[in-house]
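Note: the block below is query.txt and it holds compact mmCIF, C-alpha atoms.
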# COMPACT_ATOMS: atom_id res chain seq x y z
CA MET E 1 -5.25 56.63 -34.51
CA ALA E 2 -8.60 55.87 -36.06
CA GLU E 3 -8.80 53.50 -39.00
CA VAL E 4 -11.27 53.04 -41.84
CA HIS E 5 -11.58 49.94 -44.03
CA VAL E 6 -13.38 50.19 -47.37
CA ILE E 7 -14.17 46.67 -48.57
CA GLY E 8 -16.41 46.20 -51.57
CA GLN E 9 -16.82 46.32 -55.33
CA ILE E 10 -17.46 48.60 -58.25
CA VAL E 11 -20.39 46.47 -59.39
CA GLY E 12 -21.04 48.02 -62.79
CA ALA E 13 -22.69 50.85 -64.66
CA SER E 14 -26.00 51.50 -66.36
CA GLY E 15 -27.65 54.20 -68.39
CA PHE E 16 -24.83 54.82 -70.84
CA PRO E 17 -25.57 55.01 -74.57
CA GLU E 18 -23.23 52.20 -75.63
CA HIS E 19 -21.93 48.92 -74.25
CA SER E 20 -18.26 47.94 -73.97
CA LEU E 21 -17.38 50.20 -71.05
CA PHE E 22 -14.57 50.33 -68.52
CA CYS E 23 -13.94 52.55 -65.55
CA LYS E 24 -10.82 54.19 -64.17
CA TRP E 25 -11.22 54.83 -60.48
CA GLY E 26 -9.17 56.53 -57.82
CA VAL E 27 -9.51 57.60 -54.21
CA HIS E 28 -8.62 61.04 -52.86
CA ALA E 29 -8.43 61.97 -49.19
CA GLY E 30 -7.28 64.96 -47.15
CA GLY E 31 -3.88 65.52 -45.59
CA ALA E 32 -4.69 63.80 -42.29
CA TRP E 33 -5.42 60.49 -44.04
CA LYS E 34 -2.87 57.85 -44.97
CA ILE E 35 -3.39 54.67 -46.97
CA LEU E 36 -1.92 51.75 -45.02
CA SER E 37 -2.71 49.05 -47.58
CA GLY E 38 -4.63 48.60 -50.79
CA SER E 39 -4.29 50.35 -54.13
CA ARG E 40 -5.46 53.93 -54.44
CA GLU E 41 -6.42 53.73 -58.08
CA GLY E 42 -7.13 51.19 -60.74
CA GLN E 43 -8.93 50.35 -63.93
CA THR E 44 -11.65 47.77 -64.45
CA GLN E 45 -12.04 45.26 -67.23
CA VAL E 46 -13.88 46.17 -70.42
CA ASP E 47 -17.31 44.56 -70.31
CA ASN E 48 -19.62 43.87 -73.21
CA PRO E 49 -22.90 42.61 -71.78
CA GLN E 50 -24.69 39.90 -73.69
CA ASP E 51 -28.27 40.31 -72.60
CA GLU E 52 -28.53 43.41 -70.43
CA GLN E 53 -28.20 47.12 -70.64
CA SER E 54 -25.67 47.48 -67.87
CA ALA E 55 -21.93 46.82 -67.82
CA ASN E 56 -20.73 44.44 -65.09
CA TRP E 57 -17.26 44.95 -63.69
CA SER E 58 -17.30 43.33 -60.19
CA HIS E 59 -14.04 45.14 -59.52
CA PRO E 60 -12.87 44.59 -55.90
CA ILE E 61 -11.84 47.52 -53.71
CA ASP E 62 -10.03 46.90 -50.41
CA ILE E 63 -8.40 49.99 -48.90
CA HIS E 64 -7.18 50.50 -45.34
CA PHE E 65 -6.90 54.12 -44.16
CA SER E 66 -5.56 55.56 -40.95
CA THR E 67 -6.48 59.09 -39.99
CA LYS E 68 -5.74 61.80 -37.47
CA GLY E 69 -8.74 63.98 -38.32
CA LEU E 70 -12.20 64.03 -39.87
CA GLN E 71 -11.50 66.61 -42.56
CA GLY E 72 -10.93 65.38 -46.05
CA TRP E 73 -13.02 62.23 -45.71
CA PRO E 74 -12.03 59.96 -48.64
CA LYS E 75 -13.80 60.32 -51.97
CA LEU E 76 -13.89 57.82 -54.80
CA HIS E 77 -13.78 59.34 -58.27
CA PHE E 78 -14.51 57.61 -61.56
CA GLN E 79 -13.99 58.07 -65.27
CA VAL E 80 -16.17 55.84 -67.42
CA TRP E 81 -14.76 55.17 -70.88
CA HIS E 82 -16.15 53.41 -73.91
CA GLN E 83 -13.91 51.11 -75.94
CA ASP E 84 -15.11 50.34 -79.46
CA SER E 85 -14.32 47.25 -81.49
CA TYR E 86 -11.22 48.90 -82.96
CA GLY E 87 -9.75 49.53 -79.53
CA ARG E 88 -10.29 53.30 -79.48
CA ASN E 89 -11.29 54.83 -76.16
CA GLU E 90 -13.83 57.61 -75.74
CA LEU E 91 -14.68 59.37 -72.51
CA TYR E 92 -18.21 58.74 -71.35
CA GLY E 93 -18.43 60.34 -67.96
CA TYR E 94 -16.83 61.69 -64.81
CA GLY E 95 -18.28 61.21 -61.35
CA PHE E 96 -17.36 61.03 -57.70
CA CYS E 97 -18.91 59.96 -54.43
CA HIS E 98 -17.79 60.10 -50.82
CA VAL E 99 -16.94 56.90 -49.02
CA PRO E 100 -19.91 56.37 -46.62
CA THR E 101 -19.23 57.61 -43.11
CA SER E 102 -21.22 55.01 -41.18
CA PRO E 103 -20.10 51.42 -40.73
CA GLY E 104 -22.00 48.66 -42.49
CA MET E 105 -22.95 47.66 -46.01
CA HIS E 106 -23.94 50.36 -48.48
CA SER E 107 -25.25 50.27 -52.05
CA LEU E 108 -24.29 53.45 -53.81
CA GLU E 109 -25.15 54.90 -57.18
CA CYS E 110 -22.77 57.52 -58.46
CA VAL E 111 -24.11 59.79 -61.18
CA THR E 112 -21.80 60.86 -64.00
CA TRP E 113 -21.53 63.76 -66.43
CA ARG E 114 -19.54 64.60 -69.51
CA PRO E 115 -18.29 68.04 -70.60
CA ALA E 116 -20.31 69.47 -73.49
CA GLY E 117 -18.35 71.42 -76.06
CA SER E 118 -19.45 74.11 -78.45
CA LEU E 119 -22.13 73.35 -81.04
CA ARG E 120 -19.50 72.50 -83.64
CA GLU E 121 -17.80 70.09 -81.21
CA GLN E 122 -21.12 68.45 -80.37
CA ILE E 123 -21.88 67.86 -84.04
CA SER E 124 -18.47 66.35 -84.71
CA GLN E 125 -18.80 64.23 -81.56
CA TYR E 126 -22.08 62.86 -82.90
CA PHE E 127 -20.47 61.76 -86.17
CA ILE E 128 -16.91 60.76 -85.35
CA GLY E 129 -16.89 60.40 -81.56
CA GLY E 130 -14.30 61.86 -79.24
CA GLY E 131 -15.16 65.01 -77.36
CA PRO E 132 -13.77 67.42 -74.82
CA GLN E 133 -12.05 66.03 -71.72
CA LEU E 134 -10.98 67.81 -68.56
CA LYS E 135 -7.41 69.06 -68.55
CA ASN E 136 -7.27 68.80 -64.79
CA PRO E 137 -9.10 65.72 -63.47
CA ASP E 138 -9.18 67.19 -59.94
CA VAL E 139 -12.23 69.21 -60.94
CA VAL E 140 -14.24 65.98 -60.71
CA TYR E 141 -14.06 65.92 -56.93
CA THR E 142 -13.58 69.62 -56.07
CA GLY E 143 -16.03 72.42 -56.59
CA ALA E 144 -13.51 75.15 -57.24
CA ASP E 145 -13.68 75.86 -60.95
CA ARG E 146 -16.89 74.08 -61.81
CA TYR E 147 -18.74 77.23 -62.78
CA LYS E 148 -16.74 77.40 -65.99
CA LEU E 149 -18.12 74.09 -67.26
CA THR E 150 -21.20 73.11 -69.22
CA THR E 151 -21.93 69.41 -68.93
CA VAL E 152 -24.27 66.71 -70.18
CA THR E 153 -25.77 63.98 -68.00
CA MET E 154 -24.57 60.43 -68.54
CA GLY E 155 -25.30 57.12 -66.77
CA LYS E 156 -24.68 55.82 -63.25
CA VAL E 157 -21.95 53.72 -61.62
CA GLN E 158 -23.13 51.19 -59.03
CA LEU E 159 -21.00 50.35 -56.00
CA GLN E 160 -21.44 47.93 -53.14
CA LEU E 161 -19.21 49.00 -50.24
CA GLY E 162 -18.72 47.68 -46.72
CA ILE E 163 -17.26 50.16 -44.25
CA ILE E 164 -15.48 49.11 -41.04
CA LEU E 165 -14.43 51.83 -38.61
CA ARG E 166 -11.98 51.33 -35.79
CA ASN E 167 -11.48 53.41 -32.64
CA PHE E 168 -13.86 56.15 -33.74
CA ASP E 169 -15.85 55.83 -30.52
CA LYS E 170 -12.68 56.24 -28.47
CA TYR E 171 -12.36 59.73 -29.90
CA GLY E 172 -16.02 60.48 -29.26
CA ILE E 173 -17.08 60.40 -32.92
CA GLU E 174 -20.65 59.36 -33.55
CA CYS E 175 -21.27 57.80 -36.94
CA MET H 1 -9.81 37.50 -16.99
CA ALA H 2 -8.40 36.27 -20.26
CA GLY H 3 -5.96 38.56 -22.05
CA ASN H 4 -7.25 40.94 -24.71
CA PRO H 5 -7.97 39.10 -27.94
CA THR H 6 -5.59 39.70 -30.82
CA VAL H 7 -7.56 37.86 -33.50
CA PHE H 8 -11.16 38.00 -34.59
CA LEU H 9 -13.19 35.24 -36.23
CA LEU H 10 -15.53 35.41 -39.20
CA MET H 11 -17.94 32.53 -39.69
CA VAL H 12 -19.98 32.18 -42.84
CA SER H 13 -22.76 29.71 -43.51
CA GLY H 14 -24.53 30.04 -46.77
CA GLN H 15 -25.25 28.44 -50.08
CA ILE H 16 -24.73 28.81 -53.78
CA GLU H 17 -28.44 28.85 -54.46
CA SER H 18 -29.28 29.14 -58.11
CA ALA H 19 -28.40 30.78 -61.40
CA GLU H 20 -29.91 32.13 -64.59
CA PHE H 21 -28.13 31.50 -67.87
CA PRO H 22 -30.64 31.99 -70.66
CA GLU H 23 -28.59 30.32 -73.41
CA PHE H 24 -27.23 27.17 -71.76
CA ASP H 25 -28.58 23.85 -70.55
CA ASP H 26 -26.25 22.05 -68.10
CA ILE H 27 -24.12 24.03 -65.68
CA TYR H 28 -21.91 23.23 -62.68
CA CYS H 29 -19.88 25.59 -60.51
CA ARG H 30 -16.49 25.58 -58.89
CA TYR H 31 -15.97 27.93 -55.99
CA CYS H 32 -13.00 28.99 -53.91
CA TRP H 33 -12.26 31.52 -51.16
CA VAL H 34 -9.67 34.23 -51.83
CA TYR H 35 -8.31 36.18 -48.88
CA GLY H 36 -5.36 38.35 -47.83
CA GLN H 37 -2.14 37.38 -46.11
CA ASP H 38 -3.44 38.09 -42.62
CA TRP H 39 -6.28 35.60 -42.97
CA VAL H 40 -6.37 31.86 -42.30
CA ILE H 41 -9.17 29.31 -42.70
CA THR H 42 -9.71 27.55 -39.38
CA SER H 43 -12.49 25.26 -40.53
CA GLY H 44 -14.30 24.47 -43.73
CA LEU H 45 -13.14 23.76 -47.24
CA GLU H 46 -11.08 26.17 -49.29
CA ASP H 47 -12.74 25.18 -52.56
CA GLY H 48 -15.25 22.77 -54.01
CA ILE H 49 -17.39 21.74 -56.98
CA THR H 50 -21.18 21.61 -57.16
CA GLN H 51 -23.34 19.09 -58.95
CA VAL H 52 -24.28 19.45 -62.62
CA THR H 53 -27.79 20.83 -62.85
CA LYS H 54 -30.21 21.23 -65.72
CA LYS H 55 -32.37 24.24 -66.42
CA SER H 56 -35.99 24.09 -65.27
CA HIS H 57 -38.50 23.88 -68.09
CA ASP H 58 -40.91 26.41 -66.69
CA ASP H 59 -40.91 30.19 -67.14
CA ARG H 60 -38.26 30.75 -64.49
CA LYS H 61 -35.57 28.89 -66.49
CA LEU H 62 -33.59 28.48 -63.30
CA PHE H 63 -30.53 26.33 -62.47
CA VAL H 64 -30.66 25.26 -58.81
CA TRP H 65 -27.68 23.89 -56.86
CA ASN H 66 -28.59 24.56 -53.22
CA PHE H 67 -24.89 23.93 -52.45
CA PRO H 68 -23.80 24.52 -48.82
CA LEU H 69 -20.92 26.84 -47.95
CA GLU H 70 -19.55 26.63 -44.41
CA VAL H 71 -16.24 28.22 -43.49
CA THR H 72 -14.61 30.02 -40.58
CA PHE H 73 -11.73 32.47 -40.95
CA LYS H 74 -9.37 33.92 -38.38
CA SER H 75 -7.53 37.21 -38.88
CA THR H 76 -5.78 40.14 -37.23
CA ASN H 77 -6.71 42.74 -39.85
CA PRO H 78 -9.82 43.35 -41.98
CA HIS H 79 -7.63 44.11 -45.00
CA GLY H 80 -7.83 41.20 -47.43
CA TRP H 81 -11.40 40.42 -46.37
CA PRO H 82 -12.33 37.07 -47.96
CA GLN H 83 -14.07 36.89 -51.30
CA LEU H 84 -16.01 34.04 -52.83
CA VAL H 85 -14.93 33.32 -56.41
CA VAL H 86 -17.48 31.34 -58.42
CA SER H 87 -16.70 29.86 -61.85
CA ALA H 88 -19.52 28.28 -63.85
CA TYR H 89 -18.82 25.58 -66.44
CA GLY H 90 -21.04 23.78 -68.91
CA GLN H 91 -20.89 21.52 -71.93
CA ASP H 92 -20.78 22.88 -75.46
CA ALA H 93 -22.52 21.35 -78.50
CA PHE H 94 -19.73 18.78 -78.89
CA GLY H 95 -19.83 17.59 -75.28
CA ARG H 96 -16.67 19.35 -74.08
CA ASP H 97 -16.37 21.32 -70.83
CA VAL H 98 -16.25 25.05 -71.45
CA VAL H 99 -16.34 27.98 -69.05
CA ARG H 100 -19.61 29.90 -68.84
CA GLY H 101 -18.73 32.65 -66.41
CA TYR H 102 -16.64 33.91 -63.51
CA SER H 103 -17.53 36.25 -60.70
CA ALA H 104 -16.35 37.27 -57.25
CA VAL H 105 -18.01 38.89 -54.27
CA HIS H 106 -16.79 39.95 -50.82
CA ILE H 107 -18.37 38.26 -47.83
CA PRO H 108 -20.64 40.96 -46.34
CA ILE H 109 -18.99 42.65 -43.38
CA THR H 110 -22.10 43.04 -41.21
CA PRO H 111 -23.42 40.07 -39.25
CA GLY H 112 -26.75 38.79 -40.45
CA GLN H 113 -28.39 37.34 -43.49
CA HIS H 114 -27.43 38.64 -46.93
CA THR H 115 -28.25 37.63 -50.48
CA ARG H 116 -26.05 38.59 -53.39
CA THR H 117 -26.60 38.28 -57.14
CA LEU H 118 -23.29 37.84 -58.94
CA PRO H 119 -23.18 38.85 -62.62
CA MET H 120 -21.07 36.29 -64.48
CA PHE H 121 -18.60 37.25 -67.21
CA VAL H 122 -16.31 35.40 -69.58
CA PRO H 123 -13.12 36.60 -71.34
CA GLU H 124 -13.64 37.41 -75.00
CA SER H 125 -11.54 36.28 -77.95
CA THR H 126 -9.44 39.01 -79.50
CA SER H 127 -10.59 38.54 -83.07
CA LYS H 128 -13.47 36.92 -84.96
CA LEU H 129 -11.12 34.26 -86.37
CA GLN H 130 -9.95 33.31 -82.91
CA LYS H 131 -13.55 33.20 -81.75
CA PHE H 132 -14.45 30.72 -84.49
CA VAL H 133 -11.39 28.55 -83.86
CA SER H 134 -12.07 28.43 -80.13
CA TRP H 135 -15.72 27.50 -80.73
CA PHE H 136 -14.63 24.77 -83.13
CA LEU H 137 -11.91 23.28 -80.93
CA GLY H 138 -13.84 23.72 -77.67
CA ARG H 139 -10.98 25.68 -76.09
CA ARG H 140 -12.65 28.93 -75.11
CA PRO H 141 -10.66 31.78 -73.58
CA GLU H 142 -10.48 31.21 -69.85
CA TYR H 143 -8.44 32.43 -66.89
CA VAL H 144 -5.45 30.26 -65.99
CA ASP H 145 -6.21 30.95 -62.34
CA PRO H 146 -9.80 32.00 -61.50
CA LYS H 147 -8.48 33.88 -58.48
CA VAL H 148 -7.57 36.72 -60.84
CA VAL H 149 -11.24 37.69 -60.70
CA ALA H 150 -10.86 38.57 -57.02
CA GLN H 151 -8.14 41.15 -57.54
CA GLY H 152 -8.04 44.54 -59.17
CA GLU H 153 -4.54 44.58 -60.65
CA GLY H 154 -4.12 43.47 -64.21
CA ARG H 155 -7.81 43.63 -65.02
CA GLU H 156 -7.47 46.64 -67.30
CA VAL H 157 -6.19 44.58 -70.18
CA THR H 158 -9.03 42.07 -70.17
CA ARG H 159 -12.12 42.30 -72.33
CA VAL H 160 -15.08 40.29 -71.15
CA ARG H 161 -18.65 39.51 -72.08
CA SER H 162 -21.12 39.29 -69.26
CA GLN H 163 -23.90 36.72 -69.36
CA GLY H 164 -25.99 35.14 -66.63
CA LYS H 165 -26.22 35.62 -62.88
CA VAL H 166 -25.58 33.41 -59.87
CA ARG H 167 -27.45 33.91 -56.59
CA VAL H 168 -25.58 33.28 -53.34
CA SER H 169 -26.80 33.75 -49.80
CA PHE H 170 -24.61 34.31 -46.73
CA ASN H 171 -25.23 34.21 -42.99
CA VAL H 172 -22.36 36.07 -41.33
CA VAL H 173 -21.26 35.84 -37.70
CA THR H 174 -18.21 37.64 -36.27
CA LYS H 175 -16.47 37.19 -32.94
CA ASP H 176 -14.33 39.75 -31.10
CA MET H 177 -14.40 42.45 -33.76
CA LYS H 178 -15.97 44.86 -31.28
CA LYS H 179 -13.38 43.96 -28.63
CA LEU H 180 -10.60 44.84 -31.05
CA GLY H 181 -12.26 48.20 -31.69
CA TYR H 182 -13.82 47.48 -35.09
CA ASP H 183 -17.35 48.76 -35.76
CA THR H 184 -19.33 47.10 -38.50
CA THR H 185 -22.73 48.53 -37.59
CA PRO H 186 -23.73 52.15 -36.83
CA THR H 187 -23.55 53.09 -33.12
CA ASP H 188 -27.21 53.82 -32.52
CA ALA H 189 -28.17 50.43 -33.93
CA ALA H 190 -25.71 48.52 -31.71
CA ALA H 191 -27.35 45.86 -29.56
CA SER H 192 -27.39 46.38 -25.79
CA THR H 193 -24.45 44.76 -24.06
CA GLN H 194 -25.01 41.23 -22.84
CA PRO H 195 -22.65 39.03 -20.88
CA ALA H 196 -20.40 37.15 -23.25
CA VAL H 197 -21.23 33.46 -23.55
CA THR H 198 -18.01 31.58 -23.00
CA GLY H 199 -17.27 28.17 -24.34
CA ILE H 200 -18.77 28.61 -27.80
CA VAL H 201 -16.31 28.57 -30.67
CA PRO H 202 -17.87 29.01 -34.13
CA GLY H 203 -16.91 26.17 -36.38
CA ALA H 204 -16.39 23.49 -33.75
CA SER H 205 -19.10 20.88 -34.09
For this file, write the structure as C-alpha cells.
Amino acid sequence: MAEVHVIGQIVGASGFPEHSLFCKWGVHAGGAWKILSGSREGQTQVDNPQDEQSANWSHPIDIHFSTKGLQGWPKLHFQVWHQDSYGRNELYGYGFCHVPTSPGMHSLECVTWRPAGSLREQISQYFIGGGPQLKNPDVVYTGADRYKLTTVTMGKVQLQLGIILRNFDKYGIEC
Amino acid sequence: MAGNPTVFLLMVSGQIESAEFPEFDDIYCRYCWVYGQDWVITSGLEDGITQVTKKSHDDRKLFVWNFPLEVTFKSTNPHGWPQLVVSAYGQDAFGRDVVRGYSAVHIPITPGQHTRTLPMFVPESTSKLQKFVSWFLGRRPEYVDPKVVAQGEGREVTRVRSQGKVRVSFNVVTKDMKKLGYDTTPTDAAASTQPAVTGIVPGAS
C-alpha cells in the first residue's frame, strides 16, 4: 500500500478587500484513499494584521493517507470568511488546490472566487454585506455544475506544504 | 548485514536568526519543539530561551539573536513531524514582561538548507475595556501553553493580531528514510547511490 504524508501549513492569505479573515479548510480524496491519521478539516484563527495587507494563520496541516490507486488524488479546498468587529461572518471566497504529487517542499498559492449575484444582490452586498453562498460546497472542487455560476475574483491563500511519499517506486510510479 | 531499520533519524542544526518588530525595543524569545507521539528527541534540548536583544538603530531596525538550535529526533512514522514554536516577549512601558508574538513552523522535510520567515501573532482582547485594563495591569492576553500554536484544533475560536516576523534557518539531515521507503525528493533529482558510511550517528559528538 502506498502512503502519502502532507506536512505543512496554511500560511495566510492576501489580496482580500478587508482584514480580519479566517479560513475553513477541508481535504477531499477519491475512493481508493484512506486517511490514517490527521484531521480532514479544520478552521483557522481569525487574524487582524497590524502592519501588513495579508492575514497570517500559520495553521498546521499533518495528514497521513494510504492509497490503493492514483485516481482521486487528494485536494485541499478552502472557504475564506471575513469576521467583522461585531462577530458577523461574511463569505469572501472559495478555492481549491491539489496536494502536490511530487515529494519535497512546495509553496502554493490558491486563487479564490466568490459567487456574484444579480445586480440587486450586488448593490445590497455593497451596502450591508452578506452575499450569495453555494448551497452545495462540493462545487468548489468538482467541475460538474460550474457552468451555472457567475463569479468574482477574490484574493489568494498561501500554503507551504511538504510531501513525503512511501512505496510509490515499488509500484513503478514516477513522481 | 544488519537487520532492516525500523526507525529513521532527523537531525536539525539551525538558528533563530533575527526578527523585525517595528513597534518594540527589547525582545527575547522562548522556543520549544512540538512533535507527535511516535517521535522522541535523542539529543538536544527540548526548549530554551534566547538573550534579550535591542533593535538596531539603522534603517534595518533588526533584532538579532543568532541563537543556535541543535536537535536530533528519532521516529517510526512521519506523522507528527516536529514543529518549532517560537514565542517572543518584551517589556512594556512599565517594565513588565508581556508577550509580543507566537508562531510555529514545521521543520522542512527535505534535507538541505532552508530559511523560514515566521509571522508572529498575539491573541486579542475581546473588548476595548478589556484591552485597556490589560494594558494598564500589564497582563496581556496570552496562551496558557504556547504549544497550542502548533496544533489545528481549537484555533477557530481565537482572534489574533499579527505583528512582526522572526527569521529562522534550518539545516536538515535525515537518516534511513529512503531505506524505510519514504521519498522526500523527486526521483529524477535523487543522488546516485553511494556506499553507506557506517559508524556515523548524527548527534553524537
Can you write out as JSON lines which residues of chain H fall within 8 Å of chain E, alongside each residue's closest atom pair and its distance in Å to one decimal, counting all atoms listed in the file and ordering rows by chain and ascending residue number?
{"residue": "H:Pro78", "atom": "CA", "partner": "E:His5", "partner_atom": "CA", "distance": 7.1}
{"residue": "H:His79", "atom": "CA", "partner": "E:His64", "partner_atom": "CA", "distance": 6.4}
{"residue": "H:Gly80", "atom": "CA", "partner": "E:Asp62", "partner_atom": "CA", "distance": 6.8}
{"residue": "H:Trp81", "atom": "CA", "partner": "E:Ile7", "partner_atom": "CA", "distance": 7.2}
{"residue": "H:Ser103", "atom": "CA", "partner": "E:Ser58", "partner_atom": "CA", "distance": 7.1}
{"residue": "H:Ala104", "atom": "CA", "partner": "E:Ser58", "partner_atom": "CA", "distance": 6.8}
{"residue": "H:Val105", "atom": "CA", "partner": "E:Ser58", "partner_atom": "CA", "distance": 7.4}
{"residue": "H:His106", "atom": "CA", "partner": "E:Gly8", "partner_atom": "CA", "distance": 6.3}
{"residue": "H:Pro108", "atom": "CA", "partner": "E:Gly162", "partner_atom": "CA", "distance": 7.0}
{"residue": "H:Ile109", "atom": "CA", "partner": "E:Gly162", "partner_atom": "CA", "distance": 6.0}
{"residue": "H:Thr110", "atom": "CA", "partner": "E:Gly104", "partner_atom": "CA", "distance": 5.8}
{"residue": "H:Pro119", "atom": "CA", "partner": "E:Asn56", "partner_atom": "CA", "distance": 6.6}
{"residue": "H:Phe121", "atom": "CA", "partner": "E:Asn56", "partner_atom": "CA", "distance": 7.8}
{"residue": "H:Ala150", "atom": "CA", "partner": "E:Pro60", "partner_atom": "CA", "distance": 6.4}
{"residue": "H:Gln151", "atom": "CA", "partner": "E:Pro60", "partner_atom": "CA", "distance": 6.1}
{"residue": "H:Gly152", "atom": "CA", "partner": "E:Pro60", "partner_atom": "CA", "distance": 5.8}
{"residue": "H:Glu153", "atom": "CA", "partner": "E:Gly42", "partner_atom": "CA", "distance": 7.1}
{"residue": "H:Arg155", "atom": "CA", "partner": "E:Gln45", "partner_atom": "CA", "distance": 5.0}
{"residue": "H:Glu156", "atom": "CA", "partner": "E:Gln45", "partner_atom": "CA", "distance": 4.8}
{"residue": "H:Val157", "atom": "CA", "partner": "E:Gln45", "partner_atom": "CA", "distance": 6.6}
{"residue": "H:Thr158", "atom": "CA", "partner": "E:Gln45", "partner_atom": "CA", "distance": 5.3}
{"residue": "H:Arg159", "atom": "CA", "partner": "E:Val46", "partner_atom": "CA", "distance": 4.7}
{"residue": "H:Val160", "atom": "CA", "partner": "E:Asp47", "partner_atom": "CA", "distance": 4.9}
{"residue": "H:Arg161", "atom": "CA", "partner": "E:Asn48", "partner_atom": "CA", "distance": 4.6}
{"residue": "H:Ser162", "atom": "CA", "partner": "E:Pro49", "partner_atom": "CA", "distance": 4.5}
{"residue": "H:Gln163", "atom": "CA", "partner": "E:Gln50", "partner_atom": "CA", "distance": 5.4}
{"residue": "H:Gly181", "atom": "CA", "partner": "E:Arg166", "partner_atom": "CA", "distance": 5.2}
{"residue": "H:Tyr182", "atom": "CA", "partner": "E:Arg166", "partner_atom": "CA", "distance": 4.3}
{"residue": "H:Asp183", "atom": "CA", "partner": "E:Leu165", "partner_atom": "CA", "distance": 5.1}
{"residue": "H:Thr184", "atom": "CA", "partner": "E:Pro103", "partner_atom": "CA", "distance": 4.9}
{"residue": "H:Thr185", "atom": "CA", "partner": "E:Gly104", "partner_atom": "CA", "distance": 5.0}
{"residue": "H:Pro186", "atom": "CA", "partner": "E:Pro103", "partner_atom": "CA", "distance": 5.4}
{"residue": "H:Thr187", "atom": "CA", "partner": "E:Cys175", "partner_atom": "CA", "distance": 6.5}
Using C-alpha atoms, can you write the selected residues to a file as a short mmCIF file (atom, residue, chain, number, x, y, z; two decimals), in the coordinates of the input?
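Below is the file that was written, selection04.cif:
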data_model
loop_
_atom_site.label_atom_id
_atom_site.label_comp_id
_atom_site.auth_asym_id
_atom_site.auth_seq_id
_atom_site.Cartn_x
_atom_site.Cartn_y
_atom_site.Cartn_z
CA PRO H 78 -9.82 43.35 -41.98
CA HIS H 79 -7.63 44.11 -45.00
CA GLY H 80 -7.83 41.20 -47.43
CA TRP H 81 -11.40 40.42 -46.37
CA SER H 103 -17.53 36.25 -60.70
CA ALA H 104 -16.35 37.27 -57.25
CA VAL H 105 -18.01 38.89 -54.27
CA HIS H 106 -16.79 39.95 -50.82
CA PRO H 108 -20.64 40.96 -46.34
CA ILE H 109 -18.99 42.65 -43.38
CA THR H 110 -22.10 43.04 -41.21
CA PRO H 119 -23.18 38.85 -62.62
CA PHE H 121 -18.60 37.25 -67.21
CA ALA H 150 -10.86 38.57 -57.02
CA GLN H 151 -8.14 41.15 -57.54
CA GLY H 152 -8.04 44.54 -59.17
CA GLU H 153 -4.54 44.58 -60.65
CA ARG H 155 -7.81 43.63 -65.02
CA GLU H 156 -7.47 46.64 -67.30
CA VAL H 157 -6.19 44.58 -70.18
CA THR H 158 -9.03 42.07 -70.17
CA ARG H 159 -12.12 42.30 -72.33
CA VAL H 160 -15.08 40.29 -71.15
CA ARG H 161 -18.65 39.51 -72.08
CA SER H 162 -21.12 39.29 -69.26
CA GLN H 163 -23.90 36.72 -69.36
CA GLY H 181 -12.26 48.20 -31.69
CA TYR H 182 -13.82 47.48 -35.09
CA ASP H 183 -17.35 48.76 -35.76
CA THR H 184 -19.33 47.10 -38.50
CA THR H 185 -22.73 48.53 -37.59
CA PRO H 186 -23.73 52.15 -36.83
CA THR H 187 -23.55 53.09 -33.12
#
Using CA of Thr153 (chain E) and CA of Asp84 (chain E) as the two end points, give the distance in Å to one decimal. 20.8 Å
Rounded to one decimal in Å, what is the spacing between CA of Val7 (chain H) and CA of Ser66 (chain E)? 19.3 Å
What is the distance, in Å and to one decimal place, between CA of Asp38 (chain H) and CA of Met177 (chain H)?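 Taking CA of Asp38 (chain H) and CA of Met177 (chain H), their separation equals 14.8 Å.
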So, counting all atoms listed in the file, which residue among E:Thr67, E:Ser107, E:Thr142, E:Ser124 is closest to Val157 (chain E)? E:Ser107
Distance query Glu70 (chain H) at most 12 Å, only C-alpha atoms, self and fewer than 4 positions along chain excluded, as a list in words: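 Non-adjacent residues within range: Leu10, Met11, Val12, Ser13, Gly14, Gln15, Ile16, Cys32, Trp33, Ile41, Thr42, Ser43, Gly44, Leu45, Glu46, Asp47, Gly48, Leu84, Ser169, Phe170, Asn171, Val172, Val173, Pro202, Gly203, Ala204 and Ser205 of chain H.
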Hey, what's within 6 Å of Thr112 (chain E) if we count only C-alpha atoms and toss same-chain stuff fewer than 4 positions away? As a list of chain:residue names, please?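 Within the cut-off, the hits are E:Gly93, E:Tyr94, E:Gly95, E:Met154, E:Gly155, E:Lys156.
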